[in-house]
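Please read the structure below before turning to the comments.
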Amino acid sequence: MARLEGLSFKKERIIVLTGGRAVKISALSVAFSFLVFSLFLYLEGANPVEAYLNIFSFALAPELGLPATLHRGLFMLFSALAFIVVYRAGIWNVGMEGQFYLGTIGAFAVAFAFPNLPSPVLIPMMLASAALFGAGYGAITGFLKGKLDVNEVVVALMLNNIAFWLVYLLTVGGPWAGSIASSSRPLPEPARAPRIWETPFTSLLAAALAVILYIFLKYTPLGYQIKVYGGNPNVARHVGISSLKVSVLVMALGGAISGLAGYHMWAGDAAFYLIPRPEAYKAVGDMTYWGIIIGLICLLNPLASIPTSIFIGAITVGSTVLVRRFRLPFGLDILFLGIITISFVAFQFFYNYRIKMRRG
């Protein structure tokens, strides 16, 4: 218990976190991060209110930012779901980047092999291939974790690097090389994702996956086994739940979801329809790590990850206008994202505790 001039403060543990409290805490963390970043804007001579209005007016503009916000935000949703399903088992999935690359390879391999198939046939084949490639790559980590208890973080990071160079070998002077330097050939027309409300149909797929994953984890026997294993692996093994089965299952599921993001990103964005130069697809691969942050912020709730992913997507898209329109130092938009992340993580303390203040 801490004391300050006649006041005492006591930390009290919260037994059950309600959804309402979680929403309030998240809102407070956002407000706090905006307040802190306002100080940096003020020091640089920018009006914070005007800056925030510009961020959201651009990110939500129907003809400009909104399609990009939804596309990027729902890409992050794929990554968040890929993290959530794995972390429910107490396993860290930091391999979404590599699984995303393998999903990209799987989708493009089908498109280039069967370029003349009609869209209703070709697109499902590409989605299935992307999911299978991602699942297989994720299952490698799951097998090594479940069979040999190899650290999943180390394995996944090495596999991420291997996957990056596989894409590089295919696109830079390789069999998929296109006329644009260091990029792949463009996807054939039938392989490109149909658009609904100016966004690829895969945006709806991501939202549907969130609902399906919520039901799977909450109401199915397999979901219950994953929860038990994540809570205490020793108890789970004692009651007959296989470590190998759970590890491979969740990593394969996470890999499949990350693999689908490979189709969503490149086949769903009219600015691409190809695999871009290495530094560009590496930057997108790095965005998969937002899935970890979103998953933790949402307390591993797939449904809560939908609005959170779109919000983060809006911030990442809208904050790009800050540097250009307000002539701010390069990197200040990245600082904003960092402040939001730290604020979200710090305020999670209040998910588990409340502070009681007393006089005397």
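Residues are referred to by chain and number: the chain letter is A, B, ... according to the order shown in the structure tokens, the number counts from 1 in that chain, and ligands are numbered separately from 1 in the order shown.
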Polymer residues at most 10 Å from Leu322 (chain A), only C-alpha atoms, same-chain spacing of 3 or more positions, as a compact mmCIF listing (two decimals) with C-alpha atoms, in the first residue's frame:
# COMPACT_ATOMS: atom_id res chain seq x y z
CA LEU A 41 3.02 17.69 -32.12
CA ALA A 46 1.66 21.54 -35.22
CA ALA A 51 -3.43 16.86 -36.99
CA TYR A 52 -5.86 14.28 -35.62
CA ASN A 54 -6.34 15.11 -40.85
CA ILE A 55 -5.41 11.58 -39.79
CA GLY A 318 -3.88 8.15 -41.68
CA SER A 319 -0.66 8.97 -39.85
CA ARG A 325 1.05 17.93 -44.68
CA PHE A 326 2.58 19.33 -41.50
CA ARG A 327 6.24 19.12 -42.55
CA LEU A 328 7.06 17.09 -39.48
CA PRO A 329 10.32 15.19 -38.93
CA PHE A 330 10.56 11.84 -40.66
CA GLY A 331 9.52 9.00 -38.38
CA LEU A 332 7.10 10.97 -36.21
CA ASP A 333 4.23 8.87 -37.53
Exercise. Excluding region 255-258 of chain A and any residue of its chain fewer than 3 positions from it, enumerate the residues within 10 Å of it, using only C-alpha atoms, and give them as a VMD selection string.
Key: chain A and resid 75 to 83 85 to 86 93 95 to 104 127 to 141 206 209 249 to 252 261 to 264 288
Could you write out the selected residues, including N, CA and C atoms, as a compact mmCIF listing (two decimals), in the first residue's frame?
# COMPACT_ATOMS: atom_id res chain seq x y z
N PHE A 75 -5.78 -7.12 -43.11
CA PHE A 75 -4.55 -7.90 -43.17
C PHE A 75 -4.02 -8.13 -41.75
N MET A 76 -4.05 -7.09 -40.93
CA MET A 76 -3.63 -7.24 -39.54
C MET A 76 -4.57 -8.18 -38.78
N LEU A 77 -5.84 -8.19 -39.17
CA LEU A 77 -6.79 -9.11 -38.53
C LEU A 77 -6.40 -10.56 -38.80
N PHE A 78 -6.03 -10.87 -40.05
CA PHE A 78 -5.54 -12.22 -40.34
C PHE A 78 -4.39 -12.58 -39.39
N SER A 79 -3.44 -11.65 -39.24
CA SER A 79 -2.29 -11.91 -38.38
C SER A 79 -2.70 -12.06 -36.92
N ALA A 80 -3.64 -11.23 -36.48
CA ALA A 80 -4.10 -11.32 -35.09
C ALA A 80 -4.76 -12.67 -34.82
N LEU A 81 -5.59 -13.13 -35.74
CA LEU A 81 -6.25 -14.43 -35.57
C LEU A 81 -5.22 -15.56 -35.58
N ALA A 82 -4.20 -15.42 -36.43
CA ALA A 82 -3.15 -16.45 -36.48
C ALA A 82 -2.38 -16.51 -35.17
N PHE A 83 -2.24 -15.38 -34.52
CA PHE A 83 -1.58 -15.36 -33.20
C PHE A 83 -2.50 -15.90 -32.12
N VAL A 85 -5.12 -18.00 -32.08
CA VAL A 85 -5.42 -19.44 -32.02
C VAL A 85 -4.22 -20.21 -31.47
N VAL A 86 -3.02 -19.73 -31.74
CA VAL A 86 -1.82 -20.42 -31.25
C VAL A 86 -1.56 -20.08 -29.78
N ASN A 93 3.27 -17.64 -31.51
CA ASN A 93 3.40 -17.70 -32.96
C ASN A 93 4.03 -16.40 -33.45
N GLY A 95 5.84 -16.65 -36.14
CA GLY A 95 6.15 -17.07 -37.49
C GLY A 95 5.14 -16.64 -38.53
N MET A 96 4.24 -15.69 -38.16
CA MET A 96 3.24 -15.25 -39.13
C MET A 96 3.88 -14.68 -40.40
N GLU A 97 5.04 -14.04 -40.24
CA GLU A 97 5.71 -13.46 -41.40
C GLU A 97 6.07 -14.55 -42.41
N GLY A 98 6.73 -15.60 -41.95
CA GLY A 98 7.11 -16.69 -42.85
C GLY A 98 5.91 -17.41 -43.42
N GLN A 99 4.88 -17.61 -42.59
CA GLN A 99 3.66 -18.27 -43.06
C GLN A 99 2.96 -17.42 -44.12
N PHE A 100 3.01 -16.11 -43.94
CA PHE A 100 2.46 -15.18 -44.93
C PHE A 100 3.21 -15.30 -46.26
N TYR A 101 4.55 -15.37 -46.20
CA TYR A 101 5.34 -15.53 -47.42
C TYR A 101 5.01 -16.85 -48.12
N LEU A 102 4.89 -17.93 -47.34
CA LEU A 102 4.59 -19.23 -47.95
C LEU A 102 3.19 -19.24 -48.54
N GLY A 103 2.24 -18.57 -47.88
CA GLY A 103 0.90 -18.44 -48.45
C GLY A 103 0.93 -17.69 -49.76
N THR A 104 1.77 -16.66 -49.83
CA THR A 104 1.95 -15.91 -51.07
C THR A 104 2.47 -16.83 -52.18
N LEU A 127 -6.80 -19.81 -52.82
CA LEU A 127 -7.01 -19.70 -51.38
C LEU A 127 -6.63 -20.99 -50.67
N ALA A 128 -7.05 -22.12 -51.25
CA ALA A 128 -6.72 -23.41 -50.65
C ALA A 128 -5.21 -23.64 -50.63
N SER A 129 -4.55 -23.28 -51.72
CA SER A 129 -3.10 -23.45 -51.79
C SER A 129 -2.39 -22.55 -50.79
N ALA A 130 -2.85 -21.30 -50.69
CA ALA A 130 -2.25 -20.36 -49.73
C ALA A 130 -2.38 -20.90 -48.30
N ALA A 131 -3.58 -21.39 -47.98
CA ALA A 131 -3.82 -21.92 -46.63
C ALA A 131 -2.97 -23.17 -46.37
N LEU A 132 -2.87 -24.05 -47.36
CA LEU A 132 -2.09 -25.29 -47.18
C LEU A 132 -0.60 -25.00 -47.04
N PHE A 133 -0.09 -24.09 -47.85
CA PHE A 133 1.33 -23.75 -47.75
C PHE A 133 1.62 -23.13 -46.38
N GLY A 134 0.76 -22.21 -45.95
CA GLY A 134 0.96 -21.59 -44.64
C GLY A 134 0.83 -22.59 -43.51
N ALA A 135 -0.17 -23.47 -43.62
CA ALA A 135 -0.39 -24.48 -42.58
C ALA A 135 0.80 -25.43 -42.48
N GLY A 136 1.29 -25.87 -43.62
CA GLY A 136 2.44 -26.77 -43.61
C GLY A 136 3.66 -26.13 -42.99
N TYR A 137 3.87 -24.85 -43.29
CA TYR A 137 5.03 -24.16 -42.75
C TYR A 137 4.88 -23.96 -41.24
N GLY A 138 3.67 -23.63 -40.81
CA GLY A 138 3.44 -23.49 -39.38
C GLY A 138 3.56 -24.81 -38.65
N ALA A 139 3.12 -25.89 -39.29
CA ALA A 139 3.16 -27.21 -38.66
C ALA A 139 4.58 -27.67 -38.36
N ILE A 140 5.55 -27.18 -39.13
CA ILE A 140 6.95 -27.53 -38.84
C ILE A 140 7.32 -27.08 -37.43
N THR A 141 6.99 -25.84 -37.12
CA THR A 141 7.26 -25.32 -35.78
C THR A 141 6.48 -26.09 -34.73
N ALA A 206 -11.93 -12.47 -43.75
CA ALA A 206 -11.23 -12.26 -42.48
C ALA A 206 -12.21 -12.10 -41.33
N LEU A 209 -13.79 -15.41 -40.55
CA LEU A 209 -12.86 -16.27 -39.82
C LEU A 209 -12.82 -15.92 -38.34
N LEU A 249 -1.64 -28.84 -34.33
CA LEU A 249 -2.95 -28.33 -34.72
C LEU A 249 -3.00 -26.81 -34.71
N VAL A 250 -2.60 -26.20 -33.59
CA VAL A 250 -2.73 -24.74 -33.49
C VAL A 250 -1.76 -24.04 -34.43
N MET A 251 -0.56 -24.58 -34.59
CA MET A 251 0.39 -23.94 -35.49
C MET A 251 -0.04 -24.09 -36.94
N ALA A 252 -0.66 -25.22 -37.28
CA ALA A 252 -1.18 -25.39 -38.64
C ALA A 252 -2.35 -24.45 -38.89
N ALA A 261 -3.58 -14.54 -45.71
CA ALA A 261 -3.20 -13.12 -45.80
C ALA A 261 -2.31 -12.87 -47.00
N GLY A 262 -1.57 -13.91 -47.45
CA GLY A 262 -0.73 -13.75 -48.63
C GLY A 262 -1.55 -13.49 -49.88
N TYR A 263 -2.69 -14.15 -50.01
CA TYR A 263 -3.59 -13.87 -51.13
C TYR A 263 -4.25 -12.50 -50.95
N HIS A 264 -4.74 -12.24 -49.73
CA HIS A 264 -5.45 -11.00 -49.45
C HIS A 264 -4.60 -9.78 -49.80
N THR A 288 2.96 -8.14 -39.89
CA THR A 288 2.30 -9.27 -39.24
C THR A 288 2.51 -9.24 -37.73
Self-check item: Shell of 10 Å around Thr316 (chain A), only C-alpha atoms, local chain residues under 3 positions omitted, as a ChimeraX atom specification
Solution: /A:55,59,68-69,72-73,310-313,319-321,333-334,336-337
Emit the selected residues as a short mmCIF file (atom, residue, chain, number, x, y, z; two decimals), in the first residue's frame, including N, CA and C atoms.
data_model
loop_
_atom_site.label_atom_id
_atom_site.label_comp_id
_atom_site.auth_asym_id
_atom_site.auth_seq_id
_atom_site.Cartn_x
_atom_site.Cartn_y
_atom_site.Cartn_z
N ILE A 55 -5.66 13.03 -39.81
CA ILE A 55 -5.41 11.58 -39.79
C ILE A 55 -6.68 10.83 -40.13
N ALA A 59 -7.87 8.76 -43.43
CA ALA A 59 -8.03 7.31 -43.26
C ALA A 59 -9.43 6.83 -43.57
N ALA A 68 -7.82 1.65 -48.26
CA ALA A 68 -6.51 1.26 -47.73
C ALA A 68 -6.60 0.89 -46.26
N THR A 69 -7.42 1.63 -45.51
CA THR A 69 -7.60 1.33 -44.08
C THR A 69 -8.17 -0.06 -43.89
N ARG A 72 -5.55 -2.82 -45.14
CA ARG A 72 -4.43 -3.01 -44.22
C ARG A 72 -4.92 -3.52 -42.86
N GLY A 73 -6.03 -2.95 -42.37
CA GLY A 73 -6.55 -3.37 -41.08
C GLY A 73 -6.96 -4.83 -41.07
N ILE A 310 -9.03 -2.76 -37.39
CA ILE A 310 -9.42 -1.66 -38.28
C ILE A 310 -8.95 -0.33 -37.72
N PHE A 311 -9.03 -0.16 -36.40
CA PHE A 311 -8.54 1.07 -35.77
C PHE A 311 -7.04 1.24 -36.01
N ILE A 312 -6.27 0.18 -35.77
CA ILE A 312 -4.83 0.26 -36.00
C ILE A 312 -4.54 0.50 -37.48
N GLY A 313 -5.32 -0.13 -38.35
CA GLY A 313 -5.16 0.11 -39.78
C GLY A 313 -5.40 1.57 -40.14
N SER A 319 -1.82 8.25 -40.40
CA SER A 319 -0.66 8.97 -39.85
C SER A 319 0.39 9.27 -40.91
N THR A 320 0.30 8.62 -42.07
CA THR A 320 1.27 8.92 -43.13
C THR A 320 1.12 10.34 -43.66
N VAL A 321 -0.05 10.96 -43.45
CA VAL A 321 -0.24 12.33 -43.94
C VAL A 321 0.41 13.35 -43.03
N ASP A 333 5.41 9.73 -37.44
CA ASP A 333 4.23 8.87 -37.53
C ASP A 333 4.49 7.50 -36.91
N ILE A 334 5.73 7.01 -37.04
CA ILE A 334 6.08 5.74 -36.41
C ILE A 334 6.12 5.89 -34.90
N PHE A 336 4.19 7.79 -33.22
CA PHE A 336 2.79 7.77 -32.80
C PHE A 336 2.31 6.33 -32.60
N LEU A 337 2.64 5.47 -33.54
CA LEU A 337 2.24 4.06 -33.42
C LEU A 337 2.91 3.41 -32.22
#
Quiz item: Could you pull out all residues of region 152-200 of chain A with a DSSP call of strand (DSSP E) and give them as a PyMOL selection string?
Solution: chain A and resi 195-196+199-200
Would you write out those residues with C-alpha atoms, as a PDB file, in the first residue's frame?
ATOM      1  CA  ARG A 195     -14.090  -6.258 -54.849  1.00  0.00           C
ATOM      2  CA  ILE A 196     -17.045  -5.502 -52.590  1.00  0.00           C
ATOM      3  CA  THR A 199     -12.415  -3.698 -50.781  1.00  0.00           C
ATOM      4  CA  PRO A 200     -11.433  -7.261 -51.748  1.00  0.00           C
TER       5      PRO A 200
END
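Summary of the local environment: counting only C-alpha atoms, residues at most 9 Å from Val110 (chain A), other than itself and those fewer than 2 positions away along its chain, are Ile105, Gly106, Ala107, Phe108, Phe112, Ala113, Phe114, Pro115, Leu122, Met125, Met126 and Ser129 of chain A.
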Quiz prompt | Residue list (helix (DSSP H, G or I), DSSP) for region 62-103 of chain A, as a PyMOL selection string | solution = chain A and resi 65-87+96-103
Quiz item: To one decimal place, how far is CA of Glu44 (chain A) from CA of Leu64 (chain A) in Å?
Solution: 26.8 Å
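Going from CA of Ser57 (chain A) to CA of Leu70 (chain A) covers 14.3 Å.
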Selection: 12 Å around Phe216 (chain A), only C-alpha atoms, excl. self and same-chain fewer than 6 positions, as a PDB file with C-alpha atoms, in the first residue's frame:
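around-v7.pdb, freshly written:
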ATOM      1  CA  VAL A  85      -5.416 -19.438 -32.019  1.00  0.00           C
ATOM      2  CA  ARG A  88      -4.579 -19.920 -26.635  1.00  0.00           C
ATOM      3  CA  LEU A 209     -12.857 -16.267 -39.821  1.00  0.00           C
ATOM      4  CA  ALA A 210     -12.942 -14.208 -36.621  1.00  0.00           C
ATOM      5  CA  LEU A 222     -10.951 -29.213 -29.651  1.00  0.00           C
ATOM      6  CA  GLY A 223     -11.208 -25.604 -28.557  1.00  0.00           C
ATOM      7  CA  TYR A 224     -11.598 -26.778 -24.965  1.00  0.00           C
ATOM      8  CA  GLN A 225      -8.531 -29.016 -25.265  1.00  0.00           C
ATOM      9  CA  ILE A 226      -6.520 -26.073 -26.577  1.00  0.00           C
ATOM     10  CA  LYS A 227      -7.664 -23.954 -23.621  1.00  0.00           C
ATOM     11  CA  VAL A 250      -2.734 -24.741 -33.493  1.00  0.00           C
ATOM     12  CA  LEU A 253      -4.349 -23.359 -38.056  1.00  0.00           C
ATOM     13  CA  ASN A 301     -10.840 -12.557 -28.216  1.00  0.00           C
ATOM     14  CA  PRO A 302     -11.220 -13.026 -32.002  1.00  0.00           C
TER      15      PRO A 302
END
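For the set A:Asn47, A:Ser203, A:Thr341, A:Asn232, the residue with the smallest atom-to-atom gap to Ile306 (chain A) is A:Ser203, counting only C-alpha atoms.
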Quiz item: When distances are computed from only C-alpha atoms, which of A:Trp197, A:Phe344, A:Tyr219, A:Trp176 shows the smallest separation from Gly295 (chain A)?
Solution: A:Phe344
